[in-house]
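Coordinates as given in protein-v3.cif (mmCIF, C-alpha atoms and all ligand atoms):
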```
data_target
loop_
_atom_site.label_atom_id
_atom_site.label_comp_id
_atom_site.auth_asym_id
_atom_site.auth_seq_id
_atom_site.Cartn_x
_atom_site.Cartn_y
_atom_site.Cartn_z
CA MET A 1369 -36.46 24.83 -46.20
CA LEU A 1370 -38.71 23.19 -43.55
CA ARG A 1371 -36.72 19.94 -43.95
CA GLN A 1372 -33.44 21.82 -43.41
CA ILE A 1373 -34.81 23.47 -40.24
CA ASN A 1374 -36.04 20.07 -38.96
CA SER A 1375 -32.68 18.37 -39.53
CA PHE A 1376 -30.93 21.34 -37.85
CA ILE A 1377 -33.18 20.98 -34.78
CA LEU A 1378 -32.63 17.19 -34.77
CA SER A 1379 -28.84 17.56 -34.85
CA ILE A 1380 -28.96 20.08 -31.95
CA LEU A 1381 -31.07 17.58 -29.96
CA LEU A 1382 -28.63 14.74 -30.75
CA ILE A 1383 -25.60 16.83 -29.70
CA GLY A 1384 -27.45 17.70 -26.47
CA LEU A 1385 -28.17 14.02 -25.85
CA ALA A 1386 -24.52 13.08 -26.49
CA ILE A 1387 -23.33 15.73 -24.00
CA VAL A 1388 -25.80 14.48 -21.35
CA ARG A 1389 -24.53 10.88 -21.93
CA ALA A 1390 -20.89 12.00 -21.67
CA GLU A 1391 -21.67 13.87 -18.44
CA GLU A 1392 -23.42 10.80 -16.98
CA ASN A 1393 -20.34 8.70 -17.81
CA VAL A 1394 -18.01 11.33 -16.41
CA SER A 1395 -19.87 11.50 -13.11
CA LEU A 1396 -19.83 7.68 -12.86
CA THR A 1397 -16.11 7.49 -13.52
CA GLN A 1398 -15.13 10.35 -11.24
CA LYS A 1399 -16.71 8.46 -8.33
CA LEU A 1400 -14.32 5.53 -8.88
CA THR A 1401 -11.96 5.22 -5.94
CA VAL A 1402 -9.66 2.67 -4.35
CA THR A 1403 -9.37 2.25 -0.60
CA LEU A 1404 -5.83 2.60 0.69
CA PRO A 1405 -4.56 0.63 3.74
CA SER A 1406 -5.22 3.75 5.89
CA GLY A 1407 -8.90 3.53 4.91
CA ASP A 1408 -8.65 6.70 2.80
CA ARG A 1409 -10.33 6.62 -0.58
CA MET A 1410 -8.17 7.64 -3.49
CA PRO A 1411 -9.64 8.58 -6.89
CA VAL A 1412 -8.74 6.18 -9.68
CA ILE A 1413 -8.45 9.07 -12.14
CA GLY A 1414 -6.49 12.13 -11.09
CA TYR A 1415 -4.98 15.18 -12.73
CA GLY A 1416 -1.23 15.39 -13.41
CA THR A 1417 0.36 18.82 -13.13
CA SER A 1418 3.98 18.46 -14.21
CA ARG A 1419 5.20 21.27 -16.47
CA ILE A 1420 2.16 23.40 -15.61
CA ARG A 1421 3.82 26.40 -13.97
CA GLY A 1422 3.01 30.00 -13.08
CA ASP A 1423 0.10 31.25 -10.95
CA ASP A 1424 -2.20 32.13 -13.86
CA LYS A 1425 -1.60 28.98 -15.89
CA VAL A 1426 -2.01 26.71 -12.84
CA LYS A 1427 -5.18 28.49 -11.73
CA GLU A 1428 -6.76 28.23 -15.18
CA ALA A 1429 -5.88 24.53 -15.47
CA LEU A 1430 -7.14 23.65 -11.98
CA ASP A 1431 -10.31 25.70 -12.47
CA HIS A 1432 -11.18 23.63 -15.57
CA ALA A 1433 -10.10 20.39 -13.88
CA LEU A 1434 -12.23 21.00 -10.78
CA SER A 1435 -15.22 22.08 -12.85
CA VAL A 1436 -15.21 18.90 -14.94
CA GLY A 1437 -14.79 16.69 -11.87
CA TYR A 1438 -11.13 16.02 -11.01
CA ARG A 1439 -10.53 15.65 -7.29
CA LEU A 1440 -6.95 14.30 -7.21
CA PHE A 1441 -4.02 16.56 -8.05
CA ASP A 1442 -0.55 15.13 -8.54
CA THR A 1443 2.38 17.45 -7.94
CA ALA A 1444 5.97 17.22 -6.68
CA GLU A 1445 8.66 19.36 -5.16
CA ALA A 1446 10.48 19.03 -8.50
CA TYR A 1447 7.56 20.39 -10.56
CA GLU A 1448 8.06 23.86 -9.03
CA ASN A 1449 4.33 24.49 -8.99
CA GLU A 1450 3.32 23.62 -5.43
CA GLU A 1451 3.04 27.26 -4.40
CA SER A 1452 0.88 28.12 -7.42
CA ILE A 1453 -1.31 25.08 -6.70
CA GLY A 1454 -1.69 26.17 -3.07
CA LYS A 1455 -2.74 29.69 -4.11
CA ALA A 1456 -5.10 28.39 -6.82
CA LEU A 1457 -6.85 25.92 -4.49
CA LYS A 1458 -7.36 28.59 -1.83
CA GLU A 1459 -9.40 30.56 -4.35
CA LEU A 1460 -10.93 27.72 -6.35
CA LEU A 1461 -12.20 25.36 -3.64
CA PRO A 1462 -14.82 27.84 -2.33
CA LYS A 1463 -15.68 28.76 -5.94
CA HIS A 1464 -16.52 25.10 -6.62
CA ASN A 1465 -18.25 24.60 -3.24
CA LEU A 1466 -15.50 22.27 -2.09
CA THR A 1467 -13.28 22.07 0.98
CA ARG A 1468 -9.81 20.64 1.49
CA LYS A 1469 -11.19 17.25 2.52
CA ASP A 1470 -13.02 16.91 -0.82
CA ILE A 1471 -9.76 16.77 -2.72
CA PHE A 1472 -6.72 14.50 -2.71
CA ILE A 1473 -3.26 16.04 -3.05
CA THR A 1474 -0.17 14.00 -3.88
CA SER A 1475 3.33 15.41 -3.67
CA LYS A 1476 6.80 13.88 -3.83
CA VAL A 1477 10.18 14.36 -2.23
CA ALA A 1478 12.74 15.25 -4.89
CA SER A 1479 15.48 12.69 -5.50
CA ARG A 1480 18.47 14.89 -4.84
CA PRO A 1481 20.81 15.14 -1.87
CA GLU A 1482 19.43 18.40 -0.47
CA SER A 1483 15.84 17.05 -0.42
CA SER A 1484 15.87 13.32 0.32
CA GLY A 1485 17.50 11.12 2.99
CA ALA A 1486 17.73 12.88 6.33
CA ASN A 1487 16.21 16.02 4.75
CA SER A 1488 12.96 14.35 3.70
CA TYR A 1489 10.87 15.39 6.72
CA ILE A 1490 11.92 19.01 6.16
CA SER A 1491 11.06 18.64 2.44
CA LEU A 1492 7.61 17.38 3.37
CA SER A 1493 7.07 20.32 5.75
CA ARG A 1494 8.25 22.72 3.02
CA SER A 1495 5.81 21.18 0.52
CA LEU A 1496 2.95 21.68 2.99
CA ARG A 1497 3.91 25.34 3.44
CA ARG A 1498 4.04 25.86 -0.32
CA LEU A 1499 0.73 24.04 -0.86
CA ASP A 1500 -0.76 26.04 2.03
CA THR A 1501 -2.20 22.93 3.66
CA SER A 1502 -1.62 21.12 6.95
CA TYR A 1503 -1.34 17.69 5.27
CA VAL A 1504 -0.95 15.98 1.92
CA ASP A 1505 -3.06 12.93 1.17
CA LEU A 1506 -0.11 11.09 -0.32
CA TYR A 1507 3.62 11.74 -0.22
CA LEU A 1508 5.95 9.72 -2.45
CA ILE A 1509 9.67 9.13 -2.79
CA HIS A 1510 9.98 10.47 -6.34
CA SER A 1511 12.71 8.10 -7.46
CA PRO A 1512 14.79 5.29 -5.89
CA GLU A 1513 18.04 6.99 -6.96
CA TYR A 1514 19.14 10.57 -7.52
CA TRP A 1515 18.31 11.88 -10.96
CA SER A 1516 21.03 11.02 -13.44
CA SER A 1517 22.99 14.29 -13.57
CA VAL A 1518 23.49 14.11 -9.79
CA ALA A 1519 24.10 10.35 -9.68
CA ALA A 1520 26.83 10.54 -12.32
CA ASN A 1521 29.06 12.50 -9.95
CA SER A 1522 28.34 10.70 -6.70
CA ASN A 1523 29.38 7.60 -4.81
CA VAL A 1524 26.17 7.40 -2.88
CA ASN A 1525 24.79 4.25 -1.28
CA PHE A 1526 21.25 4.57 -2.63
CA SER A 1527 19.99 1.70 -0.53
CA GLU A 1528 20.88 3.70 2.60
CA ILE A 1529 19.33 6.86 1.18
CA ARG A 1530 16.08 5.02 0.38
CA ASP A 1531 15.97 3.58 3.89
CA LEU A 1532 16.60 6.97 5.51
CA THR A 1533 14.04 8.66 3.30
CA TRP A 1534 11.37 6.06 4.09
CA LYS A 1535 12.06 6.39 7.83
CA GLN A 1536 11.46 10.14 7.55
CA LEU A 1537 8.27 9.64 5.56
CA VAL A 1538 6.97 7.21 8.20
CA LYS A 1539 7.63 9.91 10.82
CA GLY A 1540 5.79 12.40 8.57
CA GLN A 1541 2.80 10.10 8.40
CA LYS A 1542 2.79 9.44 12.17
CA ASP A 1543 2.93 13.22 12.79
CA GLY A 1544 -0.07 13.75 10.47
CA LEU A 1545 1.82 15.62 7.75
CA ALA A 1546 1.00 12.96 5.15
CA ARG A 1547 -2.09 10.76 5.40
CA ASN A 1548 -0.50 8.08 3.19
CA ILE A 1549 3.03 7.47 1.95
CA GLY A 1550 4.41 5.63 -1.03
CA VAL A 1551 7.05 5.46 -3.71
CA SER A 1552 7.56 6.15 -7.39
CA ASN A 1553 9.67 4.49 -10.06
CA TYR A 1554 10.36 1.53 -7.75
CA ASN A 1555 11.01 -1.87 -9.33
CA ILE A 1556 10.34 -5.20 -7.59
CA ASP A 1557 13.79 -5.28 -5.95
CA HIS A 1558 13.36 -1.78 -4.54
CA LEU A 1559 9.95 -2.78 -3.16
CA LYS A 1560 11.28 -6.02 -1.64
CA GLU A 1561 14.07 -4.05 0.02
CA LEU A 1562 11.57 -1.57 1.46
CA LEU A 1563 9.12 -4.23 2.62
CA SER A 1564 11.93 -6.02 4.48
CA ASN A 1565 12.49 -2.91 6.61
CA ASP A 1566 9.41 -0.69 6.40
CA TYR A 1567 9.40 0.87 9.92
CA GLY A 1568 5.86 -0.43 10.34
CA VAL A 1569 4.36 1.22 7.26
CA LYS A 1570 4.11 -0.39 3.83
CA PRO A 1571 4.00 1.85 0.74
CA ALA A 1572 0.38 2.54 -0.24
CA VAL A 1573 1.19 3.43 -3.85
CA ASN A 1574 3.90 2.92 -6.46
CA GLN A 1575 3.68 5.49 -9.27
CA VAL A 1576 5.39 4.28 -12.45
CA HIS A 1577 5.67 4.76 -16.23
CA TRP A 1578 2.80 2.71 -17.66
CA ASN A 1579 1.11 2.61 -21.05
CA PRO A 1580 0.53 -0.04 -23.77
CA GLU A 1581 4.05 0.49 -25.13
CA TYR A 1582 5.74 0.43 -21.72
CA HIS A 1583 4.55 -1.71 -18.83
CA GLN A 1584 5.98 -4.24 -16.37
CA ASP A 1585 3.34 -6.89 -15.77
CA ASP A 1586 5.35 -8.67 -13.05
CA LEU A 1587 5.55 -5.37 -11.14
CA LEU A 1588 1.76 -5.01 -11.32
CA GLU A 1589 1.33 -8.56 -10.00
CA PHE A 1590 3.82 -7.92 -7.20
CA CYS A 1591 2.03 -4.69 -6.23
CA LYS A 1592 -1.38 -6.37 -6.28
CA SER A 1593 -0.19 -9.22 -4.08
CA ASN A 1594 1.30 -6.75 -1.58
CA ASN A 1595 -1.72 -4.42 -1.54
CA ILE A 1596 0.21 -1.57 -3.17
CA ALA A 1597 -1.84 0.49 -5.64
CA LEU A 1598 -0.05 0.94 -8.96
CA GLN A 1599 -0.52 4.41 -10.40
CA ALA A 1600 0.52 5.20 -13.97
CA TYR A 1601 2.29 8.25 -15.27
CA PHE A 1602 2.85 8.84 -19.01
CA SER A 1603 -0.37 6.86 -19.45
CA LEU A 1604 -0.88 8.77 -22.72
CA GLY A 1605 2.79 8.49 -23.61
CA GLY A 1606 3.72 11.91 -22.17
CA ASP A 1607 4.21 15.12 -24.18
CA LYS A 1608 6.99 13.56 -26.27
CA HIS A 1609 5.62 10.09 -27.08
CA LYS A 1610 1.87 10.69 -27.10
CA ILE A 1611 1.81 11.17 -30.88
CA ALA A 1612 3.44 7.79 -31.56
CA LEU A 1613 1.15 6.03 -29.07
CA LEU A 1614 -2.11 7.72 -29.99
CA ASP A 1615 -1.40 7.40 -33.74
CA ASN A 1616 -0.70 3.69 -33.43
CA GLN A 1617 -2.91 1.80 -35.91
CA GLU A 1618 -3.94 -0.86 -33.33
CA VAL A 1619 -4.95 1.81 -30.81
CA LYS A 1620 -6.91 3.63 -33.50
CA LYS A 1621 -8.68 0.41 -34.58
CA VAL A 1622 -9.87 -0.29 -31.02
CA ALA A 1623 -10.92 3.35 -30.64
CA ASP A 1624 -12.95 3.26 -33.87
CA LYS A 1625 -14.60 -0.01 -32.84
CA LEU A 1626 -15.71 1.47 -29.52
CA GLY A 1627 -16.52 4.97 -30.80
CA LYS A 1628 -13.93 6.42 -28.39
CA THR A 1629 -10.75 8.44 -28.92
CA PRO A 1630 -7.27 6.80 -28.89
CA GLY A 1631 -6.54 8.72 -25.67
CA GLN A 1632 -9.60 7.22 -23.97
CA VAL A 1633 -8.61 3.73 -25.15
CA VAL A 1634 -5.09 3.83 -23.68
CA LEU A 1635 -6.42 5.26 -20.39
CA ARG A 1636 -9.19 2.67 -20.19
CA TRP A 1637 -6.60 -0.06 -20.93
CA ALA A 1638 -4.78 0.99 -17.73
CA VAL A 1639 -7.89 1.39 -15.56
CA GLN A 1640 -9.24 -1.98 -16.73
CA GLN A 1641 -6.12 -3.59 -15.17
CA ASN A 1642 -6.80 -1.76 -11.88
CA VAL A 1643 -4.04 0.72 -12.61
CA LEU A 1644 -4.74 4.26 -11.39
CA ILE A 1645 -4.07 7.16 -13.78
CA ILE A 1646 -3.14 10.85 -13.61
CA PRO A 1647 -3.34 12.15 -17.19
CA LYS A 1648 -2.25 15.73 -17.71
CA SER A 1649 -4.08 18.03 -20.08
CA LEU A 1650 -4.53 21.73 -20.65
CA SER A 1651 -7.44 21.07 -23.01
CA ARG A 1652 -10.88 21.10 -21.41
CA ILE A 1653 -12.15 18.63 -24.02
CA HIS A 1654 -9.33 16.19 -23.23
CA MET A 1655 -9.93 16.66 -19.49
CA ILE A 1656 -13.57 15.60 -19.97
CA GLN A 1657 -12.65 12.69 -22.27
CA ASN A 1658 -10.05 11.45 -19.80
CA LEU A 1659 -12.73 11.09 -17.11
CA ASP A 1660 -15.18 9.50 -19.52
CA LEU A 1661 -13.86 5.92 -19.35
CA ASN A 1662 -16.99 4.04 -18.42
CA PHE A 1663 -16.74 1.49 -21.24
CA GLN A 1664 -15.22 -1.95 -21.68
CA ILE A 1665 -12.36 -3.09 -23.92
CA SER A 1666 -12.75 -6.74 -24.95
CA GLU A 1667 -10.23 -9.29 -23.63
CA ASP A 1668 -8.87 -9.78 -27.17
CA ASP A 1669 -8.31 -6.06 -27.67
CA MET A 1670 -6.75 -5.76 -24.20
CA LYS A 1671 -4.20 -8.39 -25.31
CA ILE A 1672 -3.54 -6.57 -28.60
CA LEU A 1673 -2.90 -3.32 -26.71
CA SER A 1674 -0.67 -5.02 -24.13
CA ASN A 1675 1.39 -6.51 -26.94
CA LEU A 1676 2.30 -3.07 -28.27
CA GLN A 1677 5.03 -3.22 -25.62
CA LYS A 1678 8.36 -2.16 -27.11
CA SER A 1679 11.28 -4.43 -26.31
N1 LIG A 1701 6.59 9.98 -10.77
C1 LIG A 1701 7.23 10.36 -11.87
O1 LIG A 1701 8.43 10.14 -12.03
C2 LIG A 1701 6.45 11.08 -12.94
C3 LIG A 1701 7.03 11.28 -14.20
C4 LIG A 1701 6.28 11.93 -15.17
C5 LIG A 1701 4.99 12.37 -14.88
N2 LIG A 1701 4.44 12.19 -13.64
C6 LIG A 1701 3.07 12.64 -13.31
O2 LIG A 1701 2.20 12.05 -14.25
C7 LIG A 1701 1.42 13.05 -14.90
C8 LIG A 1701 1.10 12.60 -16.29
O3 LIG A 1701 2.28 12.48 -17.08
P1 LIG A 1701 2.58 13.49 -18.26
O4 LIG A 1701 1.89 14.73 -17.95
O5 LIG A 1701 4.01 13.67 -18.49
O6 LIG A 1701 2.07 12.71 -19.54
P2 LIG A 1701 0.64 12.17 -20.05
O7 LIG A 1701 -0.46 12.48 -19.12
O8 LIG A 1701 0.87 10.79 -20.52
O9 LIG A 1701 0.51 13.04 -21.39
C9 LIG A 1701 0.23 14.40 -21.38
C10 LIG A 1701 0.07 14.83 -22.83
O10 LIG A 1701 -1.07 14.16 -23.41
C11 LIG A 1701 -1.95 15.11 -24.00
N3 LIG A 1701 -3.31 14.62 -23.78
C12 LIG A 1701 -4.00 14.57 -22.61
N4 LIG A 1701 -5.20 14.00 -22.78
C13 LIG A 1701 -5.30 13.68 -24.09
C14 LIG A 1701 -6.30 13.07 -24.88
N5 LIG A 1701 -7.45 12.65 -24.34
N6 LIG A 1701 -6.05 12.89 -26.20
C15 LIG A 1701 -4.87 13.30 -26.75
N7 LIG A 1701 -3.88 13.88 -26.05
C16 LIG A 1701 -4.09 14.07 -24.73
C17 LIG A 1701 -1.66 16.42 -23.31
O11 LIG A 1701 -1.87 17.49 -24.22
P3 LIG A 1701 -3.16 18.48 -24.08
O12 LIG A 1701 -2.80 19.49 -23.04
O13 LIG A 1701 -3.26 19.05 -25.44
O14 LIG A 1701 -4.34 17.65 -23.72
C18 LIG A 1701 -0.18 16.31 -22.96
O15 LIG A 1701 0.63 16.76 -24.03
C19 LIG A 1701 2.32 14.29 -14.81
O16 LIG A 1701 1.60 15.48 -15.04
C20 LIG A 1701 2.85 14.15 -13.41
O17 LIG A 1701 1.89 14.60 -12.47
C21 LIG A 1701 5.16 11.53 -12.68
#
```
Would you write the structure of this file as structure tokens?
Amino acid sequence: MLRQINSFILSILLIGLAIVRAEENVSLTQKLTVTLPSGDRMPVIGYGTSRIRGDDKVKEALDHALSVGYRLFDTAEAYENEESIGKALKELLPKHNLTRKDIFITSKVASRPESSGANSYISLSRSLRRLDTSYVDLYLIHSPEYWSSVAANSNVNFSEIRDLTWKQLVKGQKDGLARNIGVSNYNIDHLKELLSNDYGVKPAVNQVHWNPEYHQDDLLEFCKSNNIALQAYFSLGGDKHKIALLDNQEVKKVADKLGKTPGQVVLRWAVQQNVLIIPKSLSRIHMIQNLDLNFQISEDDMKILSNLQKS
């Protein structure tokens, strides 16, 4: 009986120790930032909010995210949750002893005729109203072309639209509506085109699809050499492909070797290449794990993971 009580006490102590270790790692990782050309510091790990909609759901998610340490929130006009995020932050920032300047908000101009091009400055102003803030930390062109259903029926010159949109974003930055501006889903040609006529402001960030099964290494090199931070979305594979990615035998092997979860391994794989991440989760346990990336994947295992790339 005494032995059983002793082993029970020991296991409680060990669980306590493991939680303290995880919290130490989390606080180390949440302090990781990159410095953007403006001098602003941007968290390496942020919180993605797509498909989290409705005041109650958004507030619950952000409450957990803030409490475990997230300080960057990624949204977009197209996610239809900016207003809920604005309301939630109004209530949650004081609750967590934070102010607006302690957090980093990213939003994006929707890639559709009524939002982008000449309408982009108005879209930015509308996003600020919905988010109930006087500025966003980062504002991105969501996509270099209209989303497919719109594009199929149009004869648009997307190069002109991109140029017009960027010009409006530059004005937004100069007027203080966005502290930094950037792009999303841009390939090297799109970036070269923008850099050749950037109205005096280079994109600070390019947010793209990036995980071991889908990555463009030449794009990363191009971004690095032009001082553009690459930020990954679908870093866990997204809602649809996460199962295939996280169940991959190679990912699992690396995870077992390191005593980490497959999710942590694919996120660390990105961060270890200086790629920023914005994993989305409604699970508090996943939220904590996704910040707990203070470990190292060996060079050999990094190569194995990079080679999971699908052709
Ligand atoms: N610029 C663009 O075009 C673009 C496109 C897509 C997304 N984004 C942005 O990128 C963010 C991230 O992308 P995403 O949300 O589609 O996909 P994601 O972050 O790759 O995957 C989210 C899925 O992974 C699960 N998950 C999270 N952490 C996990 C863990 N540690 N272990 C196992 N499963 C885990 C989540 O479920 P649980 O809730 O159960 O954890 C959720 O189903 C979006 O929220 C959005 O802000 C941008």
- request: Using only C-alpha atoms, determine which residues lie at most 7 Å from A:Pro1647, disregarding the query and same-chain residues fewer than 3 positions distant; provide the list as number ranges by chain.
  value: A: 1414-1416, 1603-1604
task: Can you pull out every residue within 6 Å of A:Ile1509, counting all atoms listed in the file, but drop anything in the same chain fewer than 4 positions away, and send it as a PyMOL selection string?
output: chain A and resi 1476-1477+1551-1552
message: What residues of the protein or nucleic acid chains come within 8 Å of ligand LIG 1701 (chain A) when you use all atoms listed in the file? Reply as a ChimeraX atom specification.
response: /A:1415-1420,1441-1444,1476,1510-1511,1552-1553,1575-1577,1600-1608,1610-1611,1614,1629-1632,1645-1655,1657-1658
- prompt: When you draw a straight line from atom CA of A:Pro1411 to atom CA of A:Leu1644, how long is it in Å?
  reply: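 The value is 7.9 Å.
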message: Between atom CA of A:Leu1588 and atom CA of A:Gly1550, what is the distance in Å, rounded to a tenth?
response: 15.0 Å
Closest of A:Glu1581, A:Glu1482, A:Asp1668, A:Glu1459 to A:Asn1616 - atom-to-atom distances counting all atoms listed in the file: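 Using all atoms listed in the file, A:Asn1616 sits closest to A:Glu1581.
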field: Near-A:Leu1499 list (7 Å; all atoms listed in the file; drop same-chain fewer than 3 positions) as an MDAnalysis selection string
entry: chainID A and resid 1450:1451 1453:1454 1495:1496
message: With 12 Å as the threshold, what does the neighbourhood of (4.7, 13.5, 12.3) contain in terms of residues, counting only C-alpha atoms? Coordinates are those of the file; answer as JSON, numbers by chain.
response: {"A": [1488, 1489, 1490, 1492, 1493, 1502, 1503, 1535, 1536, 1537, 1538, 1539, 1540, 1541, 1542, 1543, 1544, 1545, 1546, 1547, 1548]}
query: To one decimal place, how far is atom CA of A:Tyr1554 from atom CA of A:Asp1408 in Å?
result: 22.3 Å
task: Would you mind telling me which residue in A:Ala1486, A:Ile1549, A:Ala1478, A:Val1639 lies nearest to A:Leu1532 when using all atoms listed in the file?
output: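 So, comparing all the options, the nearest one is A:Ala1486.
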All file atoms of stretch 1538-1550 of chain A boxed axis-aligned, 5 Å per side, centre plus edges, as lines of an AutoDock Vina configuration file:
```
center_x = 2.8
center_y = 10.6
center_z = 5.9
size_x = 19.7
size_y = 20.0
size_z = 23.8
```
query: So which one's closest to A:Thr1401, A:Asn1642, A:Val1622, A:Asn1523, A:Ile1473? Using all atoms listed in the file, please.
result: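 Nearest to A:Thr1401: A:Asn1642.
Among the candidates A:Met1670, A:Glu1445, A:Gly1437, A:Thr1501, the one nearest to A:Arg1468 when counting all atoms listed in the file is A:Thr1501.
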How about completing stretch 1484-1499 of chain A with N, CA and C atoms and giving it to me as a PDB file, keeping the file's coordinate frame?
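Saved as selection_17.pdb:
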```
ATOM      1  N   SER A1484      16.242  14.649  -0.178  1.00  0.00           N
ATOM      2  CA  SER A1484      15.870  13.320   0.320  1.00  0.00           C
ATOM      3  C   SER A1484      16.729  12.897   1.503  1.00  0.00           C
ATOM      4  N   GLY A1485      16.727  11.608   1.844  1.00  0.00           N
ATOM      5  CA  GLY A1485      17.500  11.120   2.990  1.00  0.00           C
ATOM      6  C   GLY A1485      17.051  11.828   4.266  1.00  0.00           C
ATOM      7  N   ALA A1486      18.026  12.256   5.036  1.00  0.00           N
ATOM      8  CA  ALA A1486      17.730  12.880   6.330  1.00  0.00           C
ATOM      9  C   ALA A1486      16.940  14.186   6.175  1.00  0.00           C
ATOM     10  N   ASN A1487      16.929  14.751   4.971  1.00  0.00           N
ATOM     11  CA  ASN A1487      16.210  16.020   4.750  1.00  0.00           C
ATOM     12  C   ASN A1487      14.743  15.834   4.369  1.00  0.00           C
ATOM     13  N   SER A1488      14.291  14.604   4.270  1.00  0.00           N
ATOM     14  CA  SER A1488      12.960  14.350   3.700  1.00  0.00           C
ATOM     15  C   SER A1488      11.816  14.920   4.537  1.00  0.00           C
ATOM     16  N   TYR A1489      11.942  14.859   5.860  1.00  0.00           N
ATOM     17  CA  TYR A1489      10.870  15.390   6.720  1.00  0.00           C
ATOM     18  C   TYR A1489      10.753  16.912   6.499  1.00  0.00           C
ATOM     19  N   ILE A1490      11.912  17.551   6.393  1.00  0.00           N
ATOM     20  CA  ILE A1490      11.920  19.010   6.160  1.00  0.00           C
ATOM     21  C   ILE A1490      11.311  19.303   4.773  1.00  0.00           C
ATOM     22  N   SER A1491      11.633  18.452   3.788  1.00  0.00           N
ATOM     23  CA  SER A1491      11.060  18.640   2.440  1.00  0.00           C
ATOM     24  C   SER A1491       9.552  18.540   2.476  1.00  0.00           C
ATOM     25  N   LEU A1492       9.063  17.555   3.246  1.00  0.00           N
ATOM     26  CA  LEU A1492       7.610  17.380   3.370  1.00  0.00           C
ATOM     27  C   LEU A1492       6.989  18.635   4.010  1.00  0.00           C
ATOM     28  N   SER A1493       7.596  19.117   5.080  1.00  0.00           N
ATOM     29  CA  SER A1493       7.070  20.320   5.750  1.00  0.00           C
ATOM     30  C   SER A1493       7.077  21.507   4.785  1.00  0.00           C
ATOM     31  N   ARG A1494       8.145  21.607   3.986  1.00  0.00           N
ATOM     32  CA  ARG A1494       8.250  22.720   3.020  1.00  0.00           C
ATOM     33  C   ARG A1494       7.151  22.614   1.959  1.00  0.00           C
ATOM     34  N   SER A1495       6.875  21.374   1.514  1.00  0.00           N
ATOM     35  CA  SER A1495       5.810  21.180   0.520  1.00  0.00           C
ATOM     36  C   SER A1495       4.467  21.619   1.089  1.00  0.00           C
ATOM     37  N   LEU A1496       4.227  21.291   2.365  1.00  0.00           N
ATOM     38  CA  LEU A1496       2.950  21.680   2.990  1.00  0.00           C
ATOM     39  C   LEU A1496       2.832  23.203   3.032  1.00  0.00           C
ATOM     40  N   ARG A1497       3.942  23.863   3.384  1.00  0.00           N
ATOM     41  CA  ARG A1497       3.910  25.340   3.440  1.00  0.00           C
ATOM     42  C   ARG A1497       3.598  25.896   2.061  1.00  0.00           C
ATOM     43  N   ARG A1498       4.260  25.348   1.044  1.00  0.00           N
ATOM     44  CA  ARG A1498       4.040  25.860  -0.320  1.00  0.00           C
ATOM     45  C   ARG A1498       2.609  25.578  -0.776  1.00  0.00           C
ATOM     46  N   LEU A1499       2.102  24.399  -0.438  1.00  0.00           N
ATOM     47  CA  LEU A1499       0.730  24.040  -0.860  1.00  0.00           C
ATOM     48  C   LEU A1499      -0.324  24.690   0.032  1.00  0.00           C
TER      49      LEU A1499
END
```
